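Beneath this line is the structure, given in structure tokens, with notes to follow.
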Amino acid sequence: MTKLLSALTLCSVLLSVNVMAHSDHDHDEISGQQAVSVALKSVKQMTFKDMGFEAGKLDESWKAVSAEQFSVVSIEDGYYVVSGKNGDKTLFFKVSSSGRVLDVKTSNAF
């Protein structure tokens with residue numbers, strides 16, 4: 001009986017800690033530099049996988065781009081527009097203020 005009571009108490013404590021951790025949790029907004037990092041990580045992923053954006057799967061040359069080739073173009077309500085250059089090609093990333101890539105286009109038309 002003691003073991004059962006101990007197990008029940010442990011389960012209820014673990015469940016209540018999880019609820020408390022998420023009860024008033026607000027997602028912090030990312031900075032412009034973090035938006036650039038998100039776009040850079042995404043561009044490298046897009047060299048081996050079509051992620052469903054207008055830009056599609058990118059060629060291997062995008063693997064070599066660095067953070068210096070990316071910059072925040074504008075800050076809009078709820079998202080950043082980040083541009084990334086690779087030679088004469090430019091991509092525009094719509095990155096939410098929570099850090100998720102919403103869209104990638106070849107023109108800045110969001």
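Convention: chains lettered A, B, ... in structure tokens order; per-chain residue numbering from 1; ligands numbered from 1 as shown.
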Write out as an mmCIF file with N, CA, C and O atoms, in the first residue's frame which residues come within 9 Å of A:Ala55 when counting only C-alpha atoms, dropping same-chain ones fewer than 6 positions away.
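Contents of around-v5.cif, as written:
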data_model
loop_
_atom_site.group_PDB
_atom_site.id
_atom_site.type_symbol
_atom_site.label_atom_id
_atom_site.label_comp_id
_atom_site.auth_asym_id
_atom_site.auth_seq_id
_atom_site.Cartn_x
_atom_site.Cartn_y
_atom_site.Cartn_z
ATOM 1 N N MET A 46 17.442 23.913 -46.794
ATOM 2 C CA MET A 46 16.775 23.957 -48.094
ATOM 3 C C MET A 46 17.678 23.479 -49.235
ATOM 4 O O MET A 46 17.217 23.294 -50.346
ATOM 5 N N LEU A 91 17.349 35.735 -51.561
ATOM 6 C CA LEU A 91 16.138 35.140 -51.010
ATOM 7 C C LEU A 91 15.644 36.006 -49.863
ATOM 8 O O LEU A 91 16.443 36.637 -49.165
ATOM 9 N N ASP A 103 7.748 31.802 -44.521
ATOM 10 C CA ASP A 103 7.779 31.787 -45.986
ATOM 11 C C ASP A 103 9.179 32.152 -46.470
ATOM 12 O O ASP A 103 9.922 32.842 -45.762
ATOM 13 N N VAL A 104 9.510 31.685 -47.674
ATOM 14 C CA VAL A 104 10.777 32.042 -48.316
ATOM 15 C C VAL A 104 10.449 32.320 -49.775
ATOM 16 O O VAL A 104 9.881 31.483 -50.452
ATOM 17 N N LYS A 105 10.816 33.530 -50.227
ATOM 18 C CA LYS A 105 10.507 33.931 -51.590
ATOM 19 C C LYS A 105 11.744 34.509 -52.261
ATOM 20 O O LYS A 105 12.726 34.870 -51.605
ATOM 21 N N THR A 106 11.655 34.643 -53.587
ATOM 22 C CA THR A 106 12.743 35.256 -54.339
ATOM 23 C C THR A 106 12.548 36.756 -54.477
ATOM 24 O O THR A 106 13.418 37.441 -55.001
#
Can you pull out every residue within 10 Å of A:Lys44, counting only C-alpha atoms, but drop anything in the same chain fewer than 6 positions away, and send it as a VMD selection string? chain A and resid 58 to 65
Write out the residues from the selection above, keeping N, CA, C and O atoms, as a PDB file, in the first residue's frame.
ATOM      1  N   LEU A  58      17.117  24.443 -52.884  1.00  0.00           N
ATOM      2  CA  LEU A  58      18.202  25.310 -53.356  1.00  0.00           C
ATOM      3  C   LEU A  58      19.401  24.489 -53.808  1.00  0.00           C
ATOM      4  O   LEU A  58      19.608  23.358 -53.354  1.00  0.00           O
ATOM      5  N   ASP A  59      20.221  25.092 -54.665  1.00  0.00           N
ATOM      6  CA  ASP A  59      21.419  24.391 -55.116  1.00  0.00           C
ATOM      7  C   ASP A  59      22.490  24.400 -54.022  1.00  0.00           C
ATOM      8  O   ASP A  59      22.408  25.137 -53.050  1.00  0.00           O
ATOM      9  N   GLU A  60      23.487  23.557 -54.210  1.00  0.00           N
ATOM     10  CA  GLU A  60      24.534  23.328 -53.202  1.00  0.00           C
ATOM     11  C   GLU A  60      25.320  24.588 -52.827  1.00  0.00           C
ATOM     12  O   GLU A  60      25.893  24.662 -51.741  1.00  0.00           O
ATOM     13  N   SER A  61      25.360  25.586 -53.695  1.00  0.00           N
ATOM     14  CA  SER A  61      26.151  26.796 -53.411  1.00  0.00           C
ATOM     15  C   SER A  61      25.635  27.544 -52.185  1.00  0.00           C
ATOM     16  O   SER A  61      26.383  28.283 -51.545  1.00  0.00           O
ATOM     17  N   TRP A  62      24.381  27.339 -51.824  1.00  0.00           N
ATOM     18  CA  TRP A  62      23.822  28.011 -50.652  1.00  0.00           C
ATOM     19  C   TRP A  62      24.390  27.463 -49.342  1.00  0.00           C
ATOM     20  O   TRP A  62      24.284  28.097 -48.301  1.00  0.00           O
ATOM     21  N   LYS A  63      25.024  26.298 -49.376  1.00  0.00           N
ATOM     22  CA  LYS A  63      25.630  25.744 -48.160  1.00  0.00           C
ATOM     23  C   LYS A  63      26.800  26.594 -47.676  1.00  0.00           C
ATOM     24  O   LYS A  63      27.143  26.588 -46.500  1.00  0.00           O
ATOM     25  N   ALA A  64      27.427  27.312 -48.595  1.00  0.00           N
ATOM     26  CA  ALA A  64      28.629  28.074 -48.261  1.00  0.00           C
ATOM     27  C   ALA A  64      28.345  29.498 -47.785  1.00  0.00           C
ATOM     28  O   ALA A  64      29.272  30.215 -47.429  1.00  0.00           O
ATOM     29  N   VAL A  65      27.090  29.929 -47.765  1.00  0.00           N
ATOM     30  CA  VAL A  65      26.803  31.306 -47.345  1.00  0.00           C
ATOM     31  C   VAL A  65      27.057  31.453 -45.854  1.00  0.00           C
ATOM     32  O   VAL A  65      26.965  30.505 -45.086  1.00  0.00           O
TER      33      VAL A  65
END
Excluding A:Asp28 and any residue of its chain fewer than 5 positions from it, enumerate the residues within 12 Å of it, using only C-alpha atoms, and give them as a PyMOL selection string. chain A and resi 34+78+96-99
Between atom CA of A:Ile30 and atom CA of A:Lys49, distance in Å (one decimal):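 Between atom CA of A:Ile30 and atom CA of A:Lys49 the gap works out to 25.1 Å.
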Between A:Met51, A:Lys85, A:Asp77, A:Ala35, single out the one closest to A:Phe110, counting only C-alpha atoms.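 Using only C-alpha atoms, the shortest distance to A:Phe110 belongs to A:Asp77.
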Which of these residues is nearest to A:Val43, using only C-alpha atoms: A:Glu29, A:Val73, A:Glu68, A:Phe93? A:Phe93
Interatomic distance between atom CA of A:Glu76 and atom CA of A:Thr47?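 Atom CA of A:Thr47 lies at a distance of 27.1 Å from atom CA of A:Glu76.
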Taking into account only C-alpha atoms, which residue in the set A:Asp50, A:Ser107, A:Val38, A:Lys57 is nearest to A:Ser71?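 Using only C-alpha atoms, the shortest distance to A:Ser71 belongs to A:Val38.
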Of the candidates A:Gly87, A:Val101, A:Gly52, A:Ile75, which one gets nearest to A:Ser37 if we count only C-alpha atoms? A:Val101
